[in-house]
file work-v8.txt (compact mmCIF, C-alpha atoms and all ligand atoms)
# COMPACT_ATOMS: atom_id res chain seq x y z
CA MET A 25 68.82 14.75 85.27
CA ALA A 26 72.42 14.80 86.44
CA GLN A 27 73.31 17.31 89.10
CA PRO A 28 75.67 20.08 87.90
CA LEU A 29 79.23 19.31 89.03
CA ALA A 30 79.58 22.69 90.77
CA ASN A 31 76.70 21.72 93.10
CA LYS A 32 77.65 18.08 93.45
CA TYR A 33 81.14 19.11 94.61
CA ARG A 34 80.17 21.95 96.91
CA PRO A 35 82.45 21.44 99.92
CA LYS A 36 80.75 20.32 103.14
CA THR A 37 83.72 20.99 105.42
CA PHE A 38 86.51 23.56 105.62
CA GLU A 39 89.00 20.83 104.80
CA ASP A 40 87.38 20.49 101.40
CA VAL A 41 87.39 24.24 100.68
CA SER A 42 90.31 25.28 98.46
CA GLU A 43 92.48 28.11 99.78
CA GLN A 44 90.94 30.92 101.93
CA GLY A 45 93.25 29.59 104.68
CA ALA A 46 93.32 32.65 106.95
CA ILE A 47 89.53 32.94 107.00
CA LYS A 48 89.12 29.27 107.88
CA THR A 49 91.66 29.48 110.71
CA ILE A 50 90.23 32.62 112.29
CA ILE A 51 86.66 31.38 112.24
CA GLU A 52 87.66 27.95 113.51
CA ASN A 53 89.40 29.63 116.44
CA GLN A 54 86.41 31.84 117.16
CA ILE A 55 84.17 28.81 117.32
CA LYS A 56 86.64 26.91 119.48
CA ASN A 57 87.05 29.85 121.90
CA ASN A 58 83.37 30.69 121.91
CA ASP A 59 84.27 34.13 120.61
CA LEU A 60 81.56 34.50 117.96
CA ARG A 61 80.28 37.79 116.53
CA ASN A 62 76.67 38.58 115.72
CA ALA A 63 77.31 39.56 112.14
CA TYR A 64 79.82 38.54 109.53
CA LEU A 65 80.36 39.83 106.03
CA PHE A 66 81.91 37.55 103.41
CA CYS A 67 83.15 39.60 100.43
CA GLY A 68 84.93 38.49 97.29
CA GLY A 69 84.76 37.52 93.62
CA ALA A 70 82.05 35.23 92.28
CA GLY A 71 82.54 31.52 92.90
CA THR A 72 85.29 31.79 95.50
CA GLY A 73 83.40 30.02 98.30
CA LYS A 74 81.38 32.67 100.16
CA THR A 75 78.01 30.91 100.22
CA THR A 76 79.71 27.55 100.68
CA CYS A 77 81.69 28.78 103.70
CA ALA A 78 78.64 30.54 105.17
CA ARG A 79 76.82 27.18 105.18
CA ILE A 80 79.83 25.35 106.62
CA VAL A 81 80.28 27.96 109.37
CA ALA A 82 76.57 27.73 110.27
CA ASN A 83 76.87 23.98 110.44
CA MET A 84 80.01 24.12 112.59
CA ILE A 85 78.49 26.63 115.02
CA ASN A 86 75.35 24.56 115.47
CA GLU A 87 77.28 21.30 115.56
CA GLY A 88 75.37 19.87 112.63
CA LYS A 89 71.94 20.57 114.14
CA GLY A 90 69.21 22.46 112.30
CA ASN A 91 69.65 24.46 109.11
CA PRO A 92 70.57 28.09 108.51
CA ILE A 93 67.84 30.30 107.10
CA GLU A 94 68.90 31.55 103.70
CA LEU A 95 67.64 34.71 102.05
CA ASP A 96 68.61 35.47 98.48
CA ALA A 97 68.62 39.25 98.57
CA ALA A 98 68.82 39.40 94.77
CA SER A 99 65.12 38.47 94.67
CA ASN A 100 64.01 39.37 98.25
CA ASN A 101 65.38 42.84 98.81
CA SER A 102 62.50 44.87 100.18
CA VAL A 103 62.02 46.31 103.65
CA ASP A 104 59.17 43.81 104.14
CA ASP A 105 61.53 40.91 103.55
CA VAL A 106 63.84 42.28 106.25
CA ARG A 107 60.91 42.96 108.62
CA ARG A 108 59.93 39.32 108.31
CA ILE A 109 63.44 38.37 109.40
CA ILE A 110 63.33 40.84 112.27
CA ASN A 111 60.09 39.36 113.58
CA ASP A 112 61.26 35.84 113.08
CA SER A 113 64.63 36.43 114.75
CA ARG A 114 62.95 37.21 118.09
CA PHE A 115 62.13 33.54 118.53
CA LYS A 116 64.93 31.27 119.54
CA SER A 117 65.73 28.39 117.24
CA ILE A 118 64.03 25.16 118.33
CA ASP A 119 66.43 22.67 116.82
CA SER A 120 69.82 24.34 117.25
CA LYS A 121 71.70 26.63 119.61
CA TYR A 122 71.90 29.59 117.24
CA LYS A 123 69.46 30.92 114.72
CA ILE A 124 71.68 31.67 111.76
CA TYR A 125 70.68 33.77 108.77
CA ILE A 126 72.64 33.73 105.54
CA ILE A 127 71.81 36.84 103.52
CA ASP A 128 73.24 36.13 100.09
CA GLU A 129 73.95 38.80 97.44
CA CYS A 130 73.23 41.32 100.19
CA HIS A 131 74.35 44.29 98.04
CA SER A 132 70.90 44.02 96.44
CA LEU A 133 69.06 45.04 99.63
CA SER A 134 67.20 48.35 99.27
CA ASN A 135 68.14 51.35 101.38
CA ALA A 136 65.02 50.97 103.48
CA ALA A 137 65.86 47.30 104.00
CA TRP A 138 69.33 48.23 105.24
CA GLN A 139 67.87 50.82 107.60
CA ALA A 140 65.68 48.15 109.15
CA MET A 141 68.63 45.76 109.26
CA LEU A 142 70.75 48.37 111.02
CA LYS A 143 68.33 48.51 113.97
CA LEU A 144 68.53 44.76 114.24
CA LEU A 145 72.34 44.76 114.16
CA GLU A 146 72.49 47.46 116.83
CA GLU A 147 70.62 45.26 119.27
CA PRO A 148 70.81 41.73 117.94
CA PRO A 149 68.69 39.11 119.70
CA LYS A 150 70.77 36.66 121.72
CA PHE A 151 71.71 33.45 119.90
CA THR A 152 71.06 35.03 116.50
CA LEU A 153 73.82 35.32 113.98
CA PHE A 154 73.94 36.87 110.51
CA ILE A 155 76.28 36.02 107.68
CA PHE A 156 76.07 38.48 104.80
CA CYS A 157 77.64 37.54 101.47
CA THR A 158 78.43 39.86 98.59
CA THR A 159 80.57 40.45 95.53
CA ASP A 160 80.10 44.24 95.88
CA PRO A 161 80.98 45.44 99.40
CA GLN A 162 81.31 49.02 98.14
CA LYS A 163 77.52 49.09 97.76
CA ILE A 164 76.95 48.42 101.45
CA PRO A 165 76.22 51.38 103.76
CA GLY A 166 79.11 52.39 106.04
CA THR A 167 76.87 52.15 109.09
CA ILE A 168 76.42 48.45 108.37
CA LEU A 169 80.09 47.86 107.55
CA SER A 170 81.09 49.13 110.97
CA ARG A 171 78.86 46.56 112.65
CA VAL A 172 79.99 43.42 110.87
CA GLN A 173 83.19 41.42 110.95
CA ARG A 174 84.45 41.45 107.41
CA TYR A 175 86.33 38.68 105.58
CA ASN A 176 87.71 39.12 102.07
CA PHE A 177 87.68 35.96 100.00
CA GLN A 178 90.60 35.79 97.56
CA ARG A 179 90.30 34.62 93.98
CA ILE A 180 91.47 31.01 93.73
CA SER A 181 94.97 30.48 92.31
CA ARG A 182 95.41 28.63 89.05
CA GLU A 183 97.08 25.76 90.91
CA GLY A 184 94.17 25.65 93.36
CA ILE A 185 91.67 25.42 90.52
CA ILE A 186 93.69 22.78 88.64
CA SER A 187 93.96 20.58 91.68
CA ARG A 188 90.23 20.82 92.43
CA LEU A 189 89.31 20.00 88.81
CA LYS A 190 91.57 16.95 88.90
CA TYR A 191 90.06 15.90 92.22
CA ILE A 192 86.57 16.09 90.68
CA ILE A 193 87.69 14.01 87.69
CA ARG A 194 89.19 11.39 90.03
CA GLU A 195 85.96 11.23 92.04
CA GLU A 196 83.82 10.96 88.91
CA ASN A 197 86.03 8.20 87.56
CA THR A 198 85.86 6.35 90.88
CA GLU A 199 82.08 6.35 90.56
CA THR A 200 82.29 4.78 87.12
CA ALA A 201 85.19 2.44 87.98
CA PRO A 202 86.49 0.10 86.67
CA ASN A 203 85.67 2.07 83.51
CA TYR A 204 87.60 5.29 83.81
CA ILE A 205 85.41 7.31 81.58
CA ILE A 206 86.99 10.78 81.76
CA THR A 207 90.40 11.30 80.22
CA TYR A 208 92.18 14.61 80.03
CA GLU A 209 95.18 16.49 78.70
CA GLU A 210 97.06 18.65 81.23
CA GLN A 211 96.84 21.54 78.79
CA ALA A 212 93.05 21.28 78.69
CA ILE A 213 92.72 21.57 82.48
CA ASP A 214 95.24 24.39 82.48
CA TYR A 215 93.29 26.24 79.81
CA ILE A 216 90.03 25.96 81.75
CA ALA A 217 91.78 27.21 84.90
CA LYS A 218 93.28 30.19 83.07
CA GLN A 219 89.94 31.21 81.60
CA ALA A 220 88.21 31.05 84.99
CA ARG A 221 90.20 34.02 86.34
CA GLY A 222 90.10 32.86 89.93
CA GLY A 223 86.46 31.79 90.02
CA MET A 224 86.15 28.15 91.09
CA ARG A 225 82.50 27.89 90.12
CA ASP A 226 83.27 29.17 86.61
CA ALA A 227 86.04 26.63 86.21
CA ILE A 228 83.88 23.70 87.34
CA THR A 229 80.92 24.83 85.23
CA THR A 230 83.15 25.14 82.18
CA MET A 231 84.57 21.68 82.74
CA ASP A 232 81.02 20.34 83.12
CA LYS A 233 80.08 21.88 79.79
CA CYS A 234 83.18 20.43 78.11
CA LEU A 235 82.42 16.98 79.55
CA ALA A 236 78.91 17.17 78.14
CA TYR A 237 80.54 17.68 74.75
CA SER A 238 83.11 14.91 75.19
CA LYS A 239 84.48 12.79 78.03
CA ASP A 240 87.84 13.24 76.34
CA LEU A 241 89.01 16.55 77.74
CA THR A 242 91.46 17.65 75.07
CA LEU A 243 92.66 21.20 74.55
CA ALA A 244 91.03 21.22 71.12
CA ASN A 245 87.66 20.19 72.57
CA VAL A 246 87.86 22.70 75.40
CA ILE A 247 88.68 25.54 73.01
CA LYS A 248 85.80 24.53 70.77
CA VAL A 249 83.31 24.53 73.65
CA LEU A 250 84.62 27.68 75.31
CA SER A 251 84.99 29.86 72.27
CA ALA A 252 81.29 30.11 71.42
CA GLY A 253 81.84 30.63 67.72
CA VAL A 254 85.21 32.32 67.46
CA THR A 255 88.27 30.32 68.53
CA PRO A 256 91.79 31.64 69.13
CA TYR A 257 92.73 29.73 65.96
CA ASP A 258 90.23 31.81 63.95
CA LEU A 259 91.62 35.01 65.48
CA ASP A 260 95.15 33.86 64.73
CA ALA A 261 94.28 33.25 61.06
CA PHE A 262 92.62 36.67 60.92
CA THR A 263 95.71 38.34 62.43
CA LEU A 264 98.01 36.71 59.90
CA GLU A 265 95.93 38.17 57.06
CA ILE A 266 96.17 41.61 58.67
CA ILE A 267 99.91 41.41 59.31
CA ASN A 268 100.47 40.27 55.73
CA LYS A 269 98.25 43.10 54.52
CA ASN A 270 96.02 40.62 52.74
CA THR A 271 92.94 42.84 52.75
CA ASP A 272 90.87 40.42 50.71
CA GLY A 273 91.53 37.52 53.06
CA ALA A 274 90.97 39.64 56.19
CA LEU A 275 87.65 41.00 54.95
CA SER A 276 86.43 37.59 53.95
CA LYS A 277 87.32 36.18 57.39
CA LEU A 278 85.48 39.07 58.99
CA ASP A 279 82.48 38.33 56.82
CA ASN A 280 82.61 34.68 57.89
CA PHE A 281 82.53 35.72 61.56
CA TYR A 282 79.59 38.00 60.85
CA MET A 283 77.63 35.45 58.84
CA SER A 284 78.14 32.76 61.47
CA GLY A 285 76.19 34.96 63.89
CA ILE A 286 78.99 36.11 66.19
CA ASP A 287 78.16 39.31 68.07
CA MET A 288 80.51 41.98 66.69
CA GLY A 289 80.95 43.71 70.06
CA LEU A 290 82.00 40.39 71.53
CA LEU A 291 84.33 39.82 68.59
CA VAL A 292 86.10 43.12 69.25
CA SER A 293 86.59 42.32 72.93
CA SER A 294 87.74 38.73 72.19
CA TYR A 295 90.14 40.03 69.57
CA PHE A 296 91.47 42.69 71.89
CA GLU A 297 92.12 40.03 74.50
CA PHE A 298 93.73 37.79 71.91
CA LEU A 299 96.19 40.48 70.82
CA LEU A 300 96.93 41.39 74.40
CA ASN A 301 97.79 37.78 75.17
CA VAL A 302 100.08 37.56 72.15
CA GLN A 303 101.74 40.76 73.33
CA LYS A 304 102.16 39.50 76.90
CA TYR A 305 104.03 36.53 75.51
CA LEU A 306 106.21 38.70 73.26
CA VAL A 307 107.14 41.01 76.12
CA LEU A 308 107.75 38.39 78.81
CA HIS A 309 108.61 35.29 76.74
CA ARG A 310 106.55 33.08 79.04
CA TYR A 311 103.77 30.72 78.02
CA ASP A 312 102.07 30.70 81.43
CA ILE A 313 101.44 34.45 81.43
CA SER A 314 99.29 34.24 78.30
CA ASN A 315 96.00 32.38 78.16
CA LEU A 316 96.53 31.26 74.55
CA PRO A 317 97.56 27.74 73.54
CA LYS A 318 101.28 27.22 73.07
CA ASP A 319 101.05 26.29 69.38
CA ILE A 320 99.54 29.68 68.58
CA LEU A 321 102.09 31.62 70.63
CA ASP A 322 104.94 29.77 68.92
CA LYS A 323 103.87 31.22 65.59
CA TYR A 324 104.49 34.72 66.94
CA SER A 325 107.84 34.12 68.60
CA ASN A 326 109.71 36.10 65.93
CA CYS A 327 107.08 38.79 65.55
CA ASP A 328 108.04 42.40 66.29
CA PRO A 329 106.02 43.53 69.35
CA ASN A 330 105.55 46.90 67.62
CA ILE A 331 103.35 45.27 65.00
CA ILE A 332 101.02 43.87 67.66
CA ARG A 333 101.21 47.15 69.56
CA ASN A 334 100.02 48.97 66.48
CA LEU A 335 97.07 46.59 66.07
CA ILE A 336 96.14 46.96 69.75
CA GLN A 337 96.24 50.74 69.58
CA LYS A 338 94.05 50.86 66.49
CA LEU A 339 91.59 48.46 68.07
CA PHE A 340 91.42 50.58 71.22
CA SER A 341 89.21 53.15 69.51
CA LEU A 342 86.69 50.44 68.59
CA ILE A 343 86.34 49.17 72.10
CA ASN A 344 83.92 51.84 73.23
CA GLY A 345 80.70 50.08 74.13
CA SER A 346 81.99 46.54 73.73
CA LYS A 347 82.58 44.16 76.57
CA VAL A 348 86.21 44.43 77.64
CA ASP A 349 86.63 44.22 81.40
CA MET A 350 88.74 46.63 83.45
CA LYS A 351 91.41 44.06 84.32
CA THR A 352 92.09 43.51 80.60
CA MET A 353 92.18 47.27 79.95
CA LEU A 354 94.66 47.78 82.78
CA GLU A 355 96.82 44.93 81.53
CA ALA A 356 96.90 46.53 78.10
CA TRP A 357 98.01 49.77 79.70
CA VAL A 358 100.79 48.04 81.64
CA ILE A 359 102.05 46.10 78.61
CA GLU A 360 102.04 49.28 76.51
CA ARG A 361 104.39 50.83 79.05
CA CYS A 362 106.74 47.85 79.05
CA ILE A 363 107.55 47.68 75.35
N1 LIG B 401 87.11 27.72 97.73
C1 LIG B 401 86.44 26.75 97.08
N2 LIG B 401 86.84 25.45 97.19
C2 LIG B 401 86.18 24.48 96.52
N3 LIG B 401 85.10 24.69 95.73
C3 LIG B 401 84.67 25.95 95.59
C4 LIG B 401 85.30 27.05 96.26
N4 LIG B 401 84.65 28.18 95.94
C5 LIG B 401 83.67 27.83 95.10
N5 LIG B 401 83.66 26.49 94.88
C6 LIG B 401 82.76 25.77 93.96
O1 LIG B 401 81.91 26.72 93.34
C7 LIG B 401 80.55 26.53 93.72
C8 LIG B 401 79.95 27.87 94.09
O2 LIG B 401 80.60 28.37 95.24
P1 LIG B 401 79.92 29.48 96.17
O3 LIG B 401 80.39 29.27 97.55
O4 LIG B 401 78.44 29.47 95.97
O5 LIG B 401 80.54 30.81 95.55
P2 LIG B 401 80.25 32.32 95.93
O6 LIG B 401 81.55 32.86 96.44
O7 LIG B 401 79.85 32.96 94.63
O8 LIG B 401 79.15 32.33 96.96
C9 LIG B 401 80.57 25.55 94.87
O9 LIG B 401 79.44 24.71 94.84
C10 LIG B 401 81.85 24.77 94.67
O10 LIG B 401 81.63 23.71 93.77
MG MG B 402 77.17 33.02 96.63
call {"tool": "encode", "arguments": {"input": "work-v8.txt", "output": "C-alpha cells"}}
result
Amino acid sequence: MAQPLANKYRPKTFEDVSEQGAIKTIIENQIKNNDLRNAYLFCGGAGTGKTTCARIVANMINEGKGNPIELDAASNNSVDDVRRIINDSRFKSIDSKYKIYIIDECHSLSNAAWQAMLKLLEEPPKFTLFIFCTTDPQKIPGTILSRVQRYNFQRISREGIISRLKYIIREENTETAPNYIITYEEQAIDYIAKQARGGMRDAITTMDKCLAYSKDLTLANVIKVLSAGVTPYDLDAFTLEIINKNTDGALSKLDNFYMSGIDMGLLVSSYFEFLLNVQKYLVLHRYDISNLPKDILDKYSNCDPNIIRNLIQKLFSLINGSKVDMKTMLEAWVIERCI
C-alpha cells in the first residue's frame, strides 16, 4: 500500500521544514553553543511541524545517533506511564549522548502524571532531555510551564502551503518521469491551501485524497472531493432560490440535501461559512480573502451586502449546536461591523 504523502514528505532536516524560522534559528544556536535546556515545549496548531521538529532536534542533538523515545500521551497518559519514563531515564543512553524523550499530545497527561513529571523536571538526570508537544498549552499546569522552554509554532501561510504542495507534486512527478503523471490548476492548489487554514498536514492529506480521485488536480475535482456531499455550487444555487424568494425551489433543494444523506448540522455550518465568504468578498472586493471559487463570487458582485447580511443574521439563530468554529464566528462578527 502506498505511504500517505504527509508521512512520505515529513521533513528530515530544518531546511526542509516550511516557515517556523525563529524557532529553527534559536534551537540551532543552542545546539551550536552547547546551551541546551532539559525540557522544551512545542505548542501550536495541528500539522504545523511540532512532532516533525521534535524528531529533527533530537537527531541534531545526538548527531544522527540513536533514536528518541516517543510517548504518545493521548493513549499513554497515566501516572504509571510516567513512572516508567522516570525509571528508564536514570540510565544513560547507550547509543547516543543524550536520552531524548518526545512526549506528544502532552495535554492528555493526567494530573497525577504531571505531578510525577514535575519531580523529574525539578531534578532532571544529566544527559536527559524532554520535548513536549501540544496543541493545547492552556491545559498544562503552570508549575510545568515554568520549567520548560516554550516555542509557539505558527500556522503555515497560504504561500508556504502552496509552495510545499507544488514541491511534493514535482517530487512525485520526478519519480514517475518521463511520464509526468500529476497535472494541476493553480486554482486547485490555492483552494486546497485556503481550506487547510494553516495546517500543513491537512493540506497534504487533502491533496492526497484528491489525487486518489484523479491525477488531474482541477478546481472542479478538488471541490468535489472536499465538499463531502454539498459543494459551494449547490449552496450557491440554494442561495439564488432564497434571494429570488422561490420557496418551492429552495425547499426542494433542501430536500435533495437531506435525501442525499448530508448531516443537517454540518449543512448549517457549511452554509454559514458560504454566506460569510460571499459577504467578505462583497465588503472587501477581493477574491483572495474569500475561500470560494472566483466564478461563484462573480455572480454576487452586484448583490447588495444587506441581503446577505439578512441571511447571515437569520441563520445565526440556527447555529446553536452545529459545528461552526470560533474563528468563523468572530469573522462574522467583524464583517457585520464593517458593513
Ligand atoms: N512546517 C512544516 N513544513 C513541512 N511539512 C510540514 C510542516 N508541518 C507539518 N508538515 C507536514 O505535516 C505532517 C505532520 O506534521 P507534524 O509535525 O506531525 O505536525 P504536528 O504539529 O501536528 O505535530 C508532516 O509529516 C509533514 O508532511
Ligand atoms: Mg504532532
call {"tool": "residues_near_point", "arguments": {"input": "work-v8.txt", "point": "(84.2, 28.3, 83.9)", "cutoff": "12 Å", "atoms": "all atoms listed in the file", "output": "number ranges by chain"}}
result
A: 29-30, 70-71, 185-186, 189, 213-234, 246, 249-251
call {"tool": "closest_atom_pairs", "arguments": {"input": "work-v8.txt", "of": "chain A", "to": "ligand MG 402 (chain B)", "cutoff": "10 Å", "atoms": "only C-alpha atoms and all ligand atoms", "output": "tab-separated table"}}
result
residue	atom	partner	partner_atom	distance
A:Phe66	CA	B:MG402	MG	9.4
A:Cys67	CA	B:MG402	MG	9.7
A:Gly68	CA	B:MG402	MG	9.5
A:Gly69	CA	B:MG402	MG	9.3
A:Ala70	CA	B:MG402	MG	6.9
A:Gly71	CA	B:MG402	MG	6.7
A:Thr72	CA	B:MG402	MG	8.3
A:Gly73	CA	B:MG402	MG	7.1
A:Lys74	CA	B:MG402	MG	5.5
A:Thr75	CA	B:MG402	MG	4.2
A:Thr76	CA	B:MG402	MG	7.3
A:Cys77	CA	B:MG402	MG	9.4
A:Ala78	CA	B:MG402	MG	9.0
A:Asp96	CA	B:MG402	MG	9.1
A:Ile127	CA	B:MG402	MG	9.5
A:Asp128	CA	B:MG402	MG	6.1
A:Glu129	CA	B:MG402	MG	6.7
A:Cys130	CA	B:MG402	MG	9.9
A:Phe156	CA	B:MG402	MG	9.9
A:Cys157	CA	B:MG402	MG	6.6
A:Thr158	CA	B:MG402	MG	7.2
A:Thr159	CA	B:MG402	MG	8.2
A:Arg225	CA	B:MG402	MG	9.9
call {"tool": "closest_residue", "arguments": {"input": "work-v8.txt", "among": "A:Lys347, A:Lys32, A:Arg361, A:Arg108", "to": "A:Glu297", "atoms": "only C-alpha atoms"}}
result
A:Lys347
call {"tool": "closest_residue", "arguments": {"input": "work-v8.txt", "among": "A:Asn58, A:Asn176, A:Asn83, A:Ser134", "to": "ligand LIG 401 (chain B)", "atoms": "only C-alpha atoms and all ligand atoms"}}
result
A:Asn176
call {"tool": "atom_distance", "arguments": {"input": "work-v8.txt", "atom1": "atom CA of A:Leu321", "atom2": "atom CA of A:Leu306"}}
result
8.6 Å
call {"tool": "closest_residue", "arguments": {"input": "work-v8.txt", "among": "A:Phe177, A:Phe154, A:Tyr64, A:Tyr282", "to": "ligand LIG 401 (chain B)", "atoms": "only C-alpha atoms and all ligand atoms"}}
result
A:Phe177
call {"tool": "closest_residue", "arguments": {"input": "work-v8.txt", "among": "A:Leu235, A:Ile180, A:Ile126, A:Ile336", "to": "ligand LIG 401 (chain B)", "atoms": "only C-alpha atoms and all ligand atoms"}}
result
A:Ile180
call {"tool": "closest_residue", "arguments": {"input": "work-v8.txt", "among": "A:Pro35, A:Pro149, A:Gly289, A:Gly273", "to": "ligand LIG 401 (chain B)", "atoms": "all atoms listed in the file"}}
result
A:Pro35
call {"tool": "atom_distance", "arguments": {"input": "work-v8.txt", "atom1": "atom CA of A:Glu355", "atom2": "atom CA of A:Phe298"}}
result
12.4 Å
call {"tool": "atom_distance", "arguments": {"input": "work-v8.txt", "atom1": "atom CA of A:Lys277", "atom2": "atom CA of A:Ala261"}}
result
8.4 Å
call {"tool": "residues_around", "arguments": {"input": "work-v8.txt", "residues": "A:Leu133", "least_positions_apart": "4", "cutoff": "10 Å", "atoms": "only C-alpha atoms", "output": "list in words"}}
result
Asp96, Ala97, Ala98, Ser99, Asn100, Asn101, Ser102, Val103, Asp105, Val106, Ile127, Asp128, Glu129, Ala137, Trp138, Gln139, Met141, Lys163 and Ile164 of chain A
call {"tool": "closest_residue", "arguments": {"input": "work-v8.txt", "among": "A:Asn334, A:Thr255, A:Ser293, A:Asn268", "to": "A:Leu316", "atoms": "all atoms listed in the file"}}
result
A:Thr255
call {"tool": "residues_near_point", "arguments": {"input": "work-v8.txt", "point": "(90.3, 10.5, 78.6)", "cutoff": "7 Å", "atoms": "all atoms listed in the file", "output": "PDB file with C-alpha atoms, in the frame of the given file"}}
result
ATOM      1  CA  ILE A 205      85.410   7.310  81.580  1.00  0.00           C
ATOM      2  CA  ILE A 206      86.990  10.780  81.760  1.00  0.00           C
ATOM      3  CA  THR A 207      90.400  11.300  80.220  1.00  0.00           C
ATOM      4  CA  TYR A 208      92.180  14.610  80.030  1.00  0.00           C
ATOM      5  CA  LYS A 239      84.480  12.790  78.030  1.00  0.00           C
ATOM      6  CA  ASP A 240      87.840  13.240  76.340  1.00  0.00           C
ATOM      7  CA  LEU A 241      89.010  16.550  77.740  1.00  0.00           C
TER       8      LEU A 241
END
call {"tool": "residues_around", "arguments": {"input": "work-v8.txt", "residues": "A:Ile343", "least_positions_apart": "4", "cutoff": "10 Å", "atoms": "all atoms listed in the file", "output": "JSON list (two decimals) with C-alpha atoms, in the coordinates of the input"}}
result
[["chain", "number", "residue", "atom", "x", "y", "z"],
["A", 289, "GLY", "CA", 80.95, 43.71, 70.06],
["A", 290, "LEU", "CA", 82.00, 40.39, 71.53],
["A", 292, "VAL", "CA", 86.10, 43.12, 69.25],
["A", 293, "SER", "CA", 86.59, 42.32, 72.93],
["A", 296, "PHE", "CA", 91.47, 42.69, 71.89],
["A", 338, "LYS", "CA", 94.05, 50.86, 66.49],
["A", 339, "LEU", "CA", 91.59, 48.46, 68.07],
["A", 347, "LYS", "CA", 82.58, 44.16, 76.57],
["A", 348, "VAL", "CA", 86.21, 44.43, 77.64],
["A", 353, "MET", "CA", 92.18, 47.27, 79.95]]
call {"tool": "residues_around", "arguments": {"input": "work-v8.txt", "residues": "A:Glu147", "least_positions_apart": "6", "cutoff": "12 Å", "atoms": "only C-alpha atoms", "output": "compact mmCIF listing (two decimals) with C-alpha atoms, in the coordinates of the input"}}
result
# COMPACT_ATOMS: atom_id res chain seq x y z
CA ASN A 62 76.67 38.58 115.72
CA ALA A 63 77.31 39.56 112.14
CA ILE A 110 63.33 40.84 112.27
CA SER A 113 64.63 36.43 114.75
CA ARG A 114 62.95 37.21 118.09
CA ALA A 140 65.68 48.15 109.15
CA MET A 141 68.63 45.76 109.26
CA LEU A 153 73.82 35.32 113.98
CA ARG A 171 78.86 46.56 112.65
call {"tool": "residues_around", "arguments": {"input": "work-v8.txt", "residues": "A:Asp322", "least_positions_apart": "6", "cutoff": "12 Å", "atoms": "only C-alpha atoms", "output": "list in words"}}
result
Asp260, Val302, Tyr305, Leu306, His309, Arg310, Tyr311, Ser314 and Leu316 of chain A
